[in-house]
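Engineer: The structure's right below; bear with me while I get my questions together.
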Amino acid sequence: MLEQWIKENANMKDRGSVAVINDDVWILPPRCFSNMPGLKKVILPYNLRKIGAFSFAGCRSLEVIDIPRQVVLIDYGAFYGCCSLKAINLLDRVVGIGSMAFAGTNLSTITLPKSVRYIDDGAFADCPRINQISLPENLYDIPYEKRSMIFVSNPDTASYTKRSSKGLNTSTSVSI
């Protein structure tokens with residue numbers, strides 16, 4: 001069934017290493033590209049609103065992905081186990097990041113846009129390279145215990161910085 005969805009809604013190039021999603025797709029269904037180890041690059045459509053659960057889970061070769069401006073939700077496990085994922089560009093419309101959304105990736109620095117209102121548990125779990133997380137001002141009220149459940153990796157070396165609405169750091173980095 002998902003193979004049919006891909007045939008109808010994506011153009012696979014370079015022997016399956018590049019996926020170009022059709023412009024009329026607004027929601028990526030759950031597991032649509034999961035466990036495609038040769039997938040290195042994905043071009044998402046401008047009008048995409050939601051990246052479904054486990055959409056790219058297990059895509060071990062996926063390195064960088066730009067999230068389109070219209071995306072508001074990155075569902076649980078969306079990029080789970082994408083161990084080559086080094087960078088993610090989150091724009092100012094993302095409101096929610098689901099549980100384990102980026103768990104098991106190779107991200108090192110994360111800047112969350114001011115639009116983010118919630119992050120579920122373990123969203124950035126098992127990311128051994130994370131050393132800096134920049135949180136928007138509206139997430140000040142995340143208790144320490146919750147932070148440790150969201151960012152379950154490198155508790156001795158990772159830090160987070162809160163940003164004010166003007167983009168300035170409002171506190172020193174604090175270990176998580």
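As shown in the structure tokens, the chain order sets the letters A, B, ...; within each chain, residues go from 1, and ligands are also counted from 1 in the order they appear.
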Can you tell me, as a ChimeraX atom specification, what residues are no more than 9 Å from range 59-65 of chain A when counting only C-alpha atoms, ignoring any on the same chain fewer than 5 positions away?
Structural biologist: /A:17,33-44,79-89,105-106
Engineer: So which residues of range 51-144 of chain A fall under strand (DSSP E) by DSSP, listed as an MDAnalysis selection string?
Structural biologist: chainID A and resid 51 64:66 73:74 87:89 96:97 109:111 118:119 132:135
Engineer: Limited to C-alpha atoms, could you put the picked residues into a file as a short mmCIF file (atom, residue, chain, number, x, y, z; two decimals), in the first residue's frame?
Structural biologist:
data_model
loop_
_atom_site.label_atom_id
_atom_site.label_comp_id
_atom_site.auth_asym_id
_atom_site.auth_seq_id
_atom_site.Cartn_x
_atom_site.Cartn_y
_atom_site.Cartn_z
CA ILE A 51 5.10 14.85 8.66
CA VAL A 64 19.90 16.74 5.73
CA ILE A 65 16.29 17.76 5.35
CA ASP A 66 14.67 21.17 5.03
CA LEU A 73 3.55 19.13 13.19
CA ILE A 74 6.39 16.65 13.11
CA ALA A 87 21.10 18.92 10.25
CA ILE A 88 17.46 19.89 10.36
CA ASN A 89 16.10 23.27 9.36
CA GLY A 96 4.62 20.46 17.85
CA ILE A 97 7.36 17.86 17.85
CA THR A 109 22.94 21.59 17.49
CA ILE A 110 19.22 22.28 17.63
CA THR A 111 17.53 25.66 17.40
CA TYR A 118 5.18 21.47 22.83
CA ILE A 119 7.81 18.80 22.57
CA GLN A 132 23.66 22.75 22.21
CA ILE A 133 19.90 23.22 22.24
CA SER A 134 18.40 26.65 21.79
CA LEU A 135 14.85 26.87 23.16
#
Engineer: What does the distance from CA of Val71 in chain A to CA of Val95 in chain A come to in Å, to one decimal?
Structural biologist: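 That distance, rounded to one decimal, is 8.5 Å.
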Engineer: Taking only range 17-162 of chain A into account, list the residues labelled helix (DSSP H, G or I) by DSSP (computed from the backbone), as a PyMOL selection string.
Structural biologist: chain A and resi 137-139+144-150
Engineer: Just C-alpha atoms for this one: save the residues we selected as a short mmCIF file (atom, residue, chain, number, x, y, z; two decimals), in the first residue's frame.
Structural biologist:
data_model
loop_
_atom_site.label_atom_id
_atom_site.label_comp_id
_atom_site.auth_asym_id
_atom_site.auth_seq_id
_atom_site.Cartn_x
_atom_site.Cartn_y
_atom_site.Cartn_z
CA GLU A 137 11.21 31.89 25.24
CA ASN A 138 7.73 30.31 25.44
CA LEU A 139 9.27 27.04 26.67
CA TYR A 144 14.05 20.29 34.67
CA GLU A 145 12.60 16.77 34.89
CA LYS A 146 10.74 17.22 31.61
CA ARG A 147 13.88 18.55 29.87
CA SER A 148 15.77 15.44 30.82
CA MET A 149 13.04 13.27 29.29
CA ILE A 150 13.00 15.26 26.02
#
Engineer: Could you check the closest approach to Leu28 in chain A for each of A:Met12, A:Ser55, A:Val116, A:Lys7 and tell me which residue wins, using only C-alpha atoms?
Structural biologist: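 Of the candidates, the smallest distance to Leu28 in chain A is held by A:Ser55.
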Engineer: By how many Å are CA of Pro29 in chain A and CA of Ala57 in chain A apart?
Structural biologist: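 Atom-to-atom, CA of Pro29 in chain A and CA of Ala57 in chain A are spaced 12.3 Å apart.
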Engineer: Identify which of the residues A:Ile21, A:Ile27, A:Asn131, A:Val72 lies closest to Pro45 in chain A, counting only C-alpha atoms when measuring atom-to-atom distances.
Structural biologist: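 That would be A:Ile21, the residue with the smallest distance to Pro45 in chain A.
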Engineer: Figure out the distance between CA of Pro68 in chain A and CA of Arg117 in chain A, please, to one decimal in Å.
Structural biologist: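 Value for the CA of Arg117 in chain A-CA of Pro68 in chain A distance: 18.0 Å.
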